[in-house]
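K.L.:
First the structure, which I've put down as structure tokens, then a few questions once you've had a look.
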Amino acid sequence: MDWRDIQLSECPRGTDAEMLRFAVDRVRQQFAWKTGGLDAEQLRRTHAPSTMTLAGLVKHMTFVEDGFTAQAAEQPLGPPWDVRSWVENDEWGWESAVSDDPEQLYAQWYAAAKRSQTTWAQLSAGGGLDVVIDTGEPAWAKTRRRFLIDLLEEYLKHTGHADLLREAIDGLRGNDPR
């Protein structure tokens, strides 16, 4: 698996929903490129003063894909996230990733990204981004558009982290794998 496994269609004049999905897909490709092809030691390596690892980033983004998409679809979280709270899942993902097998870690993230792409295509059809999701707390009611923007924001932030960590590992630099 590598960044080429993330589908990306050009979107020069798309709708709001198509442009947002395109932006998420493009940054998914960048994230895949920056975190891909590494062995267990490289994925688990920290760089002082941070304790962040590329393995942790990959597992965190797997949770973010599944979590934000489930919320936008008004569905419960599935395995392995369904046995912990949102906060506990976030902490568990970062901590447990360093003992995960790289192939399994990558496979889980690619599967989550594919599920998310499919679900977001359905959720955003026909004005679907304007649907308001009741999260149980009035201050946290959001539209699906907001969840998709939050997903994009998480990828942008963490692709930046991956960029720095990856350069420290093997010198890989740049903004675009192509």
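By convention in this document, the chains of the structure tokens carry letters A, B, ... by their order, each chain's residues are numbered from 1, and ligands are numbered from 1 in the order they are shown.
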Return as a PyMOL selection string the full set of residues in chain A whose backbone-based DSSP assignment is alpha helix (DSSP H).

P.N.:
chain A and resi 16-35+40-44+54-72+86-96+102-123+144-170

K.L.:
Run DSSP on the backbone of this structure and report the residues of chain A it assigns to strand (DSSP E or B), as a PyMOL selection string.

P.N.:
chain A and resi 132-133+142-143

K.L.:
Counting only C-alpha atoms, which residues of range 32-103 of chain A fall within 10 Å of range 164-177 of chain A, and what is the closest atom pair for each with its distance in Å at one decimal, ordered by chain and rising number, as JSON lines?

P.N.:
{"residue": "A:Ala32", "atom": "CA", "partner": "A:Pro177", "partner_atom": "CA", "distance": 9.3}
{"residue": "A:Trp33", "atom": "CA", "partner": "A:Pro177", "partner_atom": "CA", "distance": 6.3}
{"residue": "A:Lys34", "atom": "CA", "partner": "A:Arg166", "partner_atom": "CA", "distance": 6.2}
{"residue": "A:Thr35", "atom": "CA", "partner": "A:Arg166", "partner_atom": "CA", "distance": 7.0}
{"residue": "A:Gly36", "atom": "CA", "partner": "A:Arg166", "partner_atom": "CA", "distance": 9.4}
{"residue": "A:Leu38", "atom": "CA", "partner": "A:Ile169", "partner_atom": "CA", "distance": 9.4}
{"residue": "A:Gln42", "atom": "CA", "partner": "A:Ile169", "partner_atom": "CA", "distance": 6.8}
{"residue": "A:Leu43", "atom": "CA", "partner": "A:Ile169", "partner_atom": "CA", "distance": 9.1}
{"residue": "A:Arg45", "atom": "CA", "partner": "A:Ile169", "partner_atom": "CA", "distance": 8.1}
{"residue": "A:Thr46", "atom": "CA", "partner": "A:Leu165", "partner_atom": "CA", "distance": 8.0}
{"residue": "A:His47", "atom": "CA", "partner": "A:Leu165", "partner_atom": "CA", "distance": 7.2}
{"residue": "A:Ser50", "atom": "CA", "partner": "A:Leu165", "partner_atom": "CA", "distance": 9.9}
{"residue": "A:Met52", "atom": "CA", "partner": "A:Leu165", "partner_atom": "CA", "distance": 8.6}
{"residue": "A:Thr53", "atom": "CA", "partner": "A:Leu165", "partner_atom": "CA", "distance": 7.5}
{"residue": "A:Leu54", "atom": "CA", "partner": "A:Leu165", "partner_atom": "CA", "distance": 7.0}

K.L.:
Write the residues of the preceding selection, restricted to N, CA and C atoms, as an mmCIF file, in the first residue's frame.

P.N.:
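Wrote it out as again-v7.cif, contents follow:
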data_model
loop_
_atom_site.group_PDB
_atom_site.id
_atom_site.type_symbol
_atom_site.label_atom_id
_atom_site.label_comp_id
_atom_site.auth_asym_id
_atom_site.auth_seq_id
_atom_site.Cartn_x
_atom_site.Cartn_y
_atom_site.Cartn_z
ATOM 1 N N ALA A 32 -0.372 9.857 3.425
ATOM 2 C CA ALA A 32 0.077 8.500 3.082
ATOM 3 C C ALA A 32 1.520 8.506 2.612
ATOM 4 N N TRP A 33 1.879 9.500 1.822
ATOM 5 C CA TRP A 33 3.244 9.608 1.316
ATOM 6 C C TRP A 33 4.225 9.869 2.450
ATOM 7 N N LYS A 34 3.868 10.769 3.352
ATOM 8 C CA LYS A 34 4.773 11.142 4.441
ATOM 9 C C LYS A 34 4.920 10.045 5.494
ATOM 10 N N THR A 35 3.920 9.202 5.648
ATOM 11 C CA THR A 35 3.985 8.176 6.689
ATOM 12 C C THR A 35 4.262 6.777 6.137
ATOM 13 N N GLY A 36 4.255 6.612 4.834
ATOM 14 C CA GLY A 36 4.306 5.285 4.241
ATOM 15 C C GLY A 36 5.683 4.695 4.058
ATOM 16 N N LEU A 38 7.606 2.699 5.829
ATOM 17 C CA LEU A 38 8.598 2.654 6.905
ATOM 18 C C LEU A 38 8.502 1.350 7.682
ATOM 19 N N GLN A 42 11.328 2.737 12.465
ATOM 20 C CA GLN A 42 11.145 4.099 11.958
ATOM 21 C C GLN A 42 9.788 4.669 12.383
ATOM 22 N N LEU A 43 8.747 3.854 12.324
ATOM 23 C CA LEU A 43 7.418 4.310 12.723
ATOM 24 C C LEU A 43 7.341 4.643 14.209
ATOM 25 N N ARG A 45 9.918 5.706 16.140
ATOM 26 C CA ARG A 45 10.969 6.642 16.552
ATOM 27 C C ARG A 45 10.376 7.973 16.998
ATOM 28 N N THR A 46 10.877 8.483 18.110
ATOM 29 C CA THR A 46 10.510 9.817 18.576
ATOM 30 C C THR A 46 11.661 10.774 18.287
ATOM 31 N N HIS A 47 11.353 12.048 18.313
ATOM 32 C CA HIS A 47 12.357 13.077 18.073
ATOM 33 C C HIS A 47 12.150 14.150 19.133
ATOM 34 N N SER A 50 9.521 16.068 21.458
ATOM 35 C CA SER A 50 8.199 15.456 21.300
ATOM 36 C C SER A 50 8.252 13.951 21.546
ATOM 37 N N MET A 52 5.755 12.247 20.031
ATOM 38 C CA MET A 52 4.926 11.843 18.899
ATOM 39 C C MET A 52 5.703 10.901 17.981
ATOM 40 N N THR A 53 4.999 9.904 17.444
ATOM 41 C CA THR A 53 5.587 8.980 16.487
ATOM 42 C C THR A 53 4.724 8.952 15.229
ATOM 43 N N LEU A 54 5.312 8.522 14.128
ATOM 44 C CA LEU A 54 4.525 8.347 12.911
ATOM 45 C C LEU A 54 3.505 7.236 13.096
#

K.L.:
Would you mind listing what lies within 12 Å of Gln71 in chain A as a PyMOL selection string, with only C-alpha atoms counted and same-chain residues fewer than 2 positions away left out?

P.N.:
chain A and resi 63-69+73-78+86+116+119-120+123+131-136+140-148+150-151

K.L.:
Output C-alpha atoms for every residue in the selection just made, as a short mmCIF file (atom, residue, chain, number, x, y, z; two decimals), in the first residue's frame.

P.N.:
data_model
loop_
_atom_site.label_atom_id
_atom_site.label_comp_id
_atom_site.auth_asym_id
_atom_site.auth_seq_id
_atom_site.Cartn_x
_atom_site.Cartn_y
_atom_site.Cartn_z
CA PHE A 63 -9.56 6.91 14.69
CA VAL A 64 -10.29 10.40 13.34
CA GLU A 65 -11.49 8.96 10.00
CA ASP A 66 -13.75 6.45 11.73
CA GLY A 67 -14.87 8.79 14.49
CA PHE A 68 -15.76 11.91 12.51
CA THR A 69 -17.39 9.88 9.76
CA ALA A 73 -23.48 9.54 9.64
CA GLU A 74 -25.10 9.38 13.09
CA GLN A 75 -23.73 5.87 13.57
CA PRO A 76 -21.95 4.31 16.54
CA LEU A 77 -18.22 3.73 16.43
CA GLY A 78 -17.22 0.25 15.33
CA TRP A 86 -13.80 9.33 22.65
CA SER A 116 -14.67 7.30 4.86
CA THR A 119 -19.46 7.30 3.22
CA TRP A 120 -18.70 10.98 2.60
CA LEU A 123 -23.43 11.86 3.04
CA VAL A 131 -27.73 18.22 7.64
CA VAL A 132 -27.40 19.19 11.31
CA ILE A 133 -26.14 16.44 13.60
CA ASP A 134 -27.35 16.45 17.19
CA THR A 135 -24.34 15.41 19.24
CA GLY A 136 -26.30 15.45 22.48
CA TRP A 140 -21.71 20.80 19.82
CA ALA A 141 -24.51 20.47 17.23
CA LYS A 142 -22.76 20.58 13.87
CA THR A 143 -23.55 20.24 10.23
CA ARG A 144 -21.95 17.44 8.25
CA ARG A 145 -19.98 20.18 6.48
CA ARG A 146 -18.39 21.09 9.82
CA PHE A 147 -17.41 17.44 10.44
CA LEU A 148 -15.83 17.26 6.99
CA ASP A 150 -12.81 19.17 10.99
CA LEU A 151 -11.53 16.03 9.23
#

K.L.:
For Leu8 in chain A, please output as an MDAnalysis selection string all residues within 10 Å (counting only C-alpha atoms; exclusion window: fewer than 4 positions along the same chain).

P.N.:
chainID A and resid 4 21:26 28:29

K.L.:
Just N, CA and C atoms for this one: save the residues we selected as a PDB file, in the first residue's frame.

P.N.:
ATOM      1  N   ARG A   4      -0.575   6.032  -3.720  1.00  0.00           N
ATOM      2  CA  ARG A   4      -1.322   5.858  -4.970  1.00  0.00           C
ATOM      3  C   ARG A   4      -2.629   5.095  -4.755  1.00  0.00           C
ATOM      4  N   ARG A  21     -14.376  17.296  -0.392  1.00  0.00           N
ATOM      5  CA  ARG A  21     -13.934  15.898  -0.468  1.00  0.00           C
ATOM      6  C   ARG A  21     -12.610  15.790  -1.217  1.00  0.00           C
ATOM      7  N   PHE A  22     -12.450  16.575  -2.282  1.00  0.00           N
ATOM      8  CA  PHE A  22     -11.192  16.604  -3.028  1.00  0.00           C
ATOM      9  C   PHE A  22     -10.041  17.054  -2.120  1.00  0.00           C
ATOM     10  N   ALA A  23     -10.274  18.105  -1.338  1.00  0.00           N
ATOM     11  CA  ALA A  23      -9.221  18.616  -0.450  1.00  0.00           C
ATOM     12  C   ALA A  23      -8.814  17.556   0.574  1.00  0.00           C
ATOM     13  N   VAL A  24      -9.795  16.847   1.136  1.00  0.00           N
ATOM     14  CA  VAL A  24      -9.480  15.785   2.096  1.00  0.00           C
ATOM     15  C   VAL A  24      -8.714  14.665   1.397  1.00  0.00           C
ATOM     16  N   ASP A  25      -9.152  14.264   0.209  1.00  0.00           N
ATOM     17  CA  ASP A  25      -8.462  13.195  -0.515  1.00  0.00           C
ATOM     18  C   ASP A  25      -7.024  13.581  -0.854  1.00  0.00           C
ATOM     19  N   ARG A  26      -6.810  14.829  -1.254  1.00  0.00           N
ATOM     20  CA  ARG A  26      -5.462  15.272  -1.602  1.00  0.00           C
ATOM     21  C   ARG A  26      -4.540  15.244  -0.381  1.00  0.00           C
ATOM     22  N   ARG A  28      -5.019  13.397   2.244  1.00  0.00           N
ATOM     23  CA  ARG A  28      -4.838  11.973   2.575  1.00  0.00           C
ATOM     24  C   ARG A  28      -3.652  11.406   1.794  1.00  0.00           C
ATOM     25  N   GLN A  29      -3.559  11.748   0.514  1.00  0.00           N
ATOM     26  CA  GLN A  29      -2.428  11.276  -0.287  1.00  0.00           C
ATOM     27  C   GLN A  29      -1.104  11.779   0.289  1.00  0.00           C
TER      28      GLN A  29
END

K.L.:
Of the candidates A:Trp3, A:Asp16, A:Pro49, A:Ala55, which shows the shortest atom-to-atom distance to Pro102 in chain A, using only C-alpha atoms?

P.N.:
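Of A:Trp3, A:Asp16, A:Pro49, A:Ala55, the one nearest Pro102 in chain A is A:Ala55, counting only C-alpha atoms.
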
K.L.:
Tell me, as a PyMOL selection string, which residues lie within 7 Å of Trp109 in chain A, counting only C-alpha atoms; anything in the same chain fewer than 2 positions away does not count.

P.N.:
chain A and resi 58-59+62+105-107+111-113

K.L.:
Would you pick out the contacts of Phe31 in chain A at 8 Å or less, using only C-alpha atoms, so that residues sharing its chain but fewer than 4 positions from it are not included, and give the list as a ChimeraX atom specification?

P.N.:
/A:3,27,35,155,158-159,162

K.L.:
In terms of the shortest atom-to-atom distance over only C-alpha atoms, which of A:Lys114, A:Ala97, A:Gln104, A:His60 is closest to Glu154 in chain A?

P.N.:
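When distances to Glu154 in chain A are compared using only C-alpha atoms, the smallest one comes from A:His60.
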
K.L.:
Hey, which of A:Glu18, A:Glu10, A:Glu88, A:Asp5 ends up closest to Gly128 in chain A? Count only C-alpha atoms.

P.N.:
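With only C-alpha atoms as the atom set, the closest residue is A:Glu18.
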
K.L.:
When you draw a straight line from CA of Pro80 in chain A to CA of Trp92 in chain A, how long is it in Å?

P.N.:
10.5 Å

K.L.:
Using only C-alpha atoms for the distances, tell me which of A:Gly126, A:Glu137, A:Gly160, A:Asp90 is nearest to Ala17 in chain A.

P.N.:
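For Ala17 in chain A, the nearest of the given residues is A:Gly126.
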
K.L.:
Hey, which of A:Ser96, A:Gln117, A:Ser124, A:Ser9 ends up closest to Arg44 in chain A? Count only C-alpha atoms.

P.N.:
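Residue with the minimum atom-to-atom distance to Arg44 in chain A: A:Ser96.
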